[in-house]
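Participant: Input: one structure, supplied below.
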Number of protein chains: 2
Amino acid sequence: MNIGEAAAASGVSAKMIRHYESIGLIKSADRTGSGYRVYSGNDLETLRFIRRGRDLGFSIEQIRHLLALWRDRSRASSDVKRIALQHVEELEAKMRQLQEMANTLRHLATHCHGDGRPDCPIIQDLAHPDADDFVPPVAASKRSGALKGTLAG
Amino acid sequence: MNIGEAAAASGVSAKMIRHYESIGLIKSADRTGSGYRVYSGNDLETLRFIRRGRDLGFSIEQIRHLLALWRDRSRASSDVKRIALQHVEELEAKMRQLQEMANTLRHLATHCHGDGRPDCPIIQDLAHPDADDFVPPVAASKRSGALKGTLAG
DNA sequence: CTTGACCTTACCACGATGGGAAGCCCTATC
DNA sequence: GATAGGGCTTCCCATCGTGGTAAGGTCAAG
């Protein structure tokens, strides 16, 4: 089985299959006489495992760990569970960051006329975040410290 | 004012100030005779604006746009609002992705013993996502298509 | 035997940030 | 005035996961 066929069958691009090989996430594929990589059904399973792990948001290093546990027939499920739950915490932390950004922006947008006039609490917040522009005192919620995390962090 | 002082006062690292200059997000700083960059109070405001924008999760390109609107005294607040609300949608889309990942993982982890035994629905899902391992039929929810997005996407 | 689709390696790009090296500059202390 | 230390300069590399592209070899169908 070619790398292209393996890619189509696993959902991992040929590009990424080569990449995973180069970083040692998967073992080096056997080659035909002319240098083409050859994949077996077993290799396909591994690729699908990786693909599923990426879909669940695991990092390559976490997947490396999970792959080792998968292959270890005497693994402790507690090890797997720990990795999964740690990842859930990462996901939740990221969600909280995004939530806070979105809440702030929605709040500001609510008070933006969104017409042809230049006055805009969104721009004013960006320029002077602590001014609580345009927001009547009663509606102004205390803004907690700025989130340092980026979307990609 | 030095780049180091500007960095401390704006919350943007000296490294990133130089980077923003190199990509044309901020204008090239004036230099002293010996080549040191010099920053004014006005420059500081711009840096804080950028910093605040990053904290709200805007991309550099979105911030470039917002900066232009900020400087444009005849801007339409609708333009600002559109950018902000589009970003809110991006944030919400990302949150939904993360939420789905977290839900799946929490569900799987709930059914993982987390002890010394090797059996683990998490590993089994990674290996065979469509098998609905270990989950009694009544509790198994239809799994929708795999999320392609990464955490950073 | 040609053509087109596939494979190979190798490099560059993104987005945003950090790290480090090599060299110049400024200030404080002796 | 000399010297030490910290800050500044530019330039390159790394991250993380993925895609693009170029130059060349290979395979299968016509």
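Identifiers for the structure tokens are assigned positionally: chains receive A, B, ... in sequence, residues are indexed from 1 per chain, and ligands are indexed from 1 in the order shown.
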Any idea what's packed within 7 Å of segment 9-25 of chain B, counting only C-alpha atoms (C1' of nucleotides), ignoring anything in its chain fewer than 2 positions away? Could you give it as a list in words?

Facilitator: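 Answer for this query is Ile3, Gly4, Glu5, Ala6, Ala7, Lys27, Ser28, Leu44, Leu47, Arg48, Arg51 and Arg64 of chain B.
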
Participant: So that I can check the surroundings of DG24 of chain D, please list as a PyMOL selection string every protein, DNA and RNA residue that reaches within 12 Å of it, counting only C-alpha atoms (C1' of nucleotides) and ignoring chain neighbours fewer than 5 positions away.

Facilitator: chain C and resi 7-10

Participant: Report, in Å with one decimal, the straight-line distance from atom CA of Ile122 of chain A to atom CA of Ala102 of chain A.

Facilitator: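 Computed distance, atom CA of Ile122 of chain A to atom CA of Ala102 of chain A, equals 12.4 Å.
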
Participant: To one decimal place, how far is atom CA of Ala109 of chain B from atom CA of Pro121 of chain B in Å?

Facilitator: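 The value is 7.4 Å.
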
Participant: Find the residues of chain D in contact range of chain B, meaning any atom within 9 Å when counting only C-alpha atoms (C1' of nucleotides), and list them as an mmCIF file with C-alpha atoms (C1' of nucleotides), in the first residue's frame.

Facilitator:
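The result, written out as part_15.cif:
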```
data_model
loop_
_atom_site.group_PDB
_atom_site.id
_atom_site.type_symbol
_atom_site.label_atom_id
_atom_site.label_comp_id
_atom_site.auth_asym_id
_atom_site.auth_seq_id
_atom_site.Cartn_x
_atom_site.Cartn_y
_atom_site.Cartn_z
ATOM 1 C "C1'" DG D 7 20.794 47.270 27.529
ATOM 2 C "C1'" DC D 8 20.625 47.902 22.756
ATOM 3 C "C1'" DT D 9 21.364 46.259 17.720
ATOM 4 C "C1'" DC D 16 3.513 23.384 16.635
ATOM 5 C "C1'" DG D 17 1.085 21.259 12.996
#
```

Participant: Segment 24-134 of chain B: which residues are alpha helix (DSSP H) by DSSP, as number ranges by chain?

Facilitator: B: 41-55, 60-71, 77-110, 121-127

Participant: Distance cut-off 8 Å, counting only C-alpha atoms - which residues of chain B neighbour chain A? Return them as number ranges by chain.

Facilitator: B: 45-46, 48-50, 52-57, 66, 70, 73-82, 84-85, 88, 91-92, 95, 98-99, 101-102, 105-106, 109, 112-120, 122-123, 126-129, 146-153

Participant: Using only C-alpha atoms (C1' of nucleotides) and a cut-off of 9 Å, which residues of chain C sit close to chain B? Please list them as a PDB file with N, CA and C atoms (P, O5', C5', C4', C3', O3' and C1' of nucleotides), in the first residue's frame.

Facilitator:
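Output file out32.pdb follows:
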```pdb
ATOM      1  P    DG C  15      -0.117  34.641   8.726  1.00  0.00           P
ATOM      2  O5'  DG C  15      -0.816  34.334  10.106  1.00  0.00           O
ATOM      3  C5'  DG C  15      -0.698  33.066  10.733  1.00  0.00           C
ATOM      4  C4'  DG C  15      -0.848  33.273  12.223  1.00  0.00           C
ATOM      5  C3'  DG C  15      -0.428  34.660  12.697  1.00  0.00           C
ATOM      6  O3'  DG C  15      -1.122  34.957  13.890  1.00  0.00           O
ATOM      7  C1'  DG C  15       1.154  33.079  13.446  1.00  0.00           C
ATOM      8  P    DA C  16      -1.084  36.459  14.416  1.00  0.00           P
ATOM      9  O5'  DA C  16      -0.055  36.323  15.619  1.00  0.00           O
ATOM     10  C5'  DA C  16      -0.435  35.501  16.730  1.00  0.00           C
ATOM     11  C4'  DA C  16       0.769  35.215  17.582  1.00  0.00           C
ATOM     12  C3'  DA C  16       1.533  36.450  18.057  1.00  0.00           C
ATOM     13  O3'  DA C  16       1.389  36.488  19.466  1.00  0.00           O
ATOM     14  C1'  DA C  16       2.998  34.702  17.377  1.00  0.00           C
ATOM     15  P    DT C  17       2.035  37.620  20.348  1.00  0.00           P
ATOM     16  O5'  DT C  17       3.398  36.943  20.796  1.00  0.00           O
ATOM     17  C5'  DT C  17       3.345  35.722  21.539  1.00  0.00           C
ATOM     18  C4'  DT C  17       4.685  35.051  21.557  1.00  0.00           C
ATOM     19  C3'  DT C  17       5.850  35.859  22.095  1.00  0.00           C
ATOM     20  O3'  DT C  17       5.902  35.657  23.505  1.00  0.00           O
ATOM     21  C1'  DT C  17       6.472  34.312  20.372  1.00  0.00           C
ATOM     22  P    DG C  18       7.036  36.320  24.339  1.00  0.00           P
ATOM     23  O5'  DG C  18       8.226  35.265  24.225  1.00  0.00           O
ATOM     24  C5'  DG C  18       7.984  33.923  24.582  1.00  0.00           C
ATOM     25  C4'  DG C  18       9.247  33.116  24.336  1.00  0.00           C
ATOM     26  C3'  DG C  18      10.501  33.745  24.941  1.00  0.00           C
ATOM     27  O3'  DG C  18      11.163  32.762  25.727  1.00  0.00           O
ATOM     28  C1'  DG C  18      10.858  33.161  22.660  1.00  0.00           C
ATOM     29  P    DC C  24      31.722  45.829  17.353  1.00  0.00           P
ATOM     30  O5'  DC C  24      30.782  47.022  17.823  1.00  0.00           O
ATOM     31  C5'  DC C  24      29.799  47.501  16.915  1.00  0.00           C
ATOM     32  C4'  DC C  24      28.737  48.254  17.689  1.00  0.00           C
ATOM     33  C3'  DC C  24      29.281  49.453  18.478  1.00  0.00           C
ATOM     34  O3'  DC C  24      28.439  50.563  18.238  1.00  0.00           O
ATOM     35  C1'  DC C  24      28.021  48.050  19.893  1.00  0.00           C
ATOM     36  P    DC C  25      28.796  52.007  18.833  1.00  0.00           P
ATOM     37  O5'  DC C  25      27.916  52.142  20.155  1.00  0.00           O
ATOM     38  C5'  DC C  25      26.495  52.180  20.032  1.00  0.00           C
ATOM     39  C4'  DC C  25      25.876  52.398  21.400  1.00  0.00           C
ATOM     40  C3'  DC C  25      26.468  53.565  22.200  1.00  0.00           C
ATOM     41  O3'  DC C  25      25.381  54.264  22.781  1.00  0.00           O
ATOM     42  C1'  DC C  25      26.518  51.612  23.494  1.00  0.00           C
TER      43       DC C  25
END
```

Participant: Which distance in Å separates atom C1' of DG5 of chain D and atom C1' of DC30 of chain C, to one decimal?

Facilitator: 14.0 Å
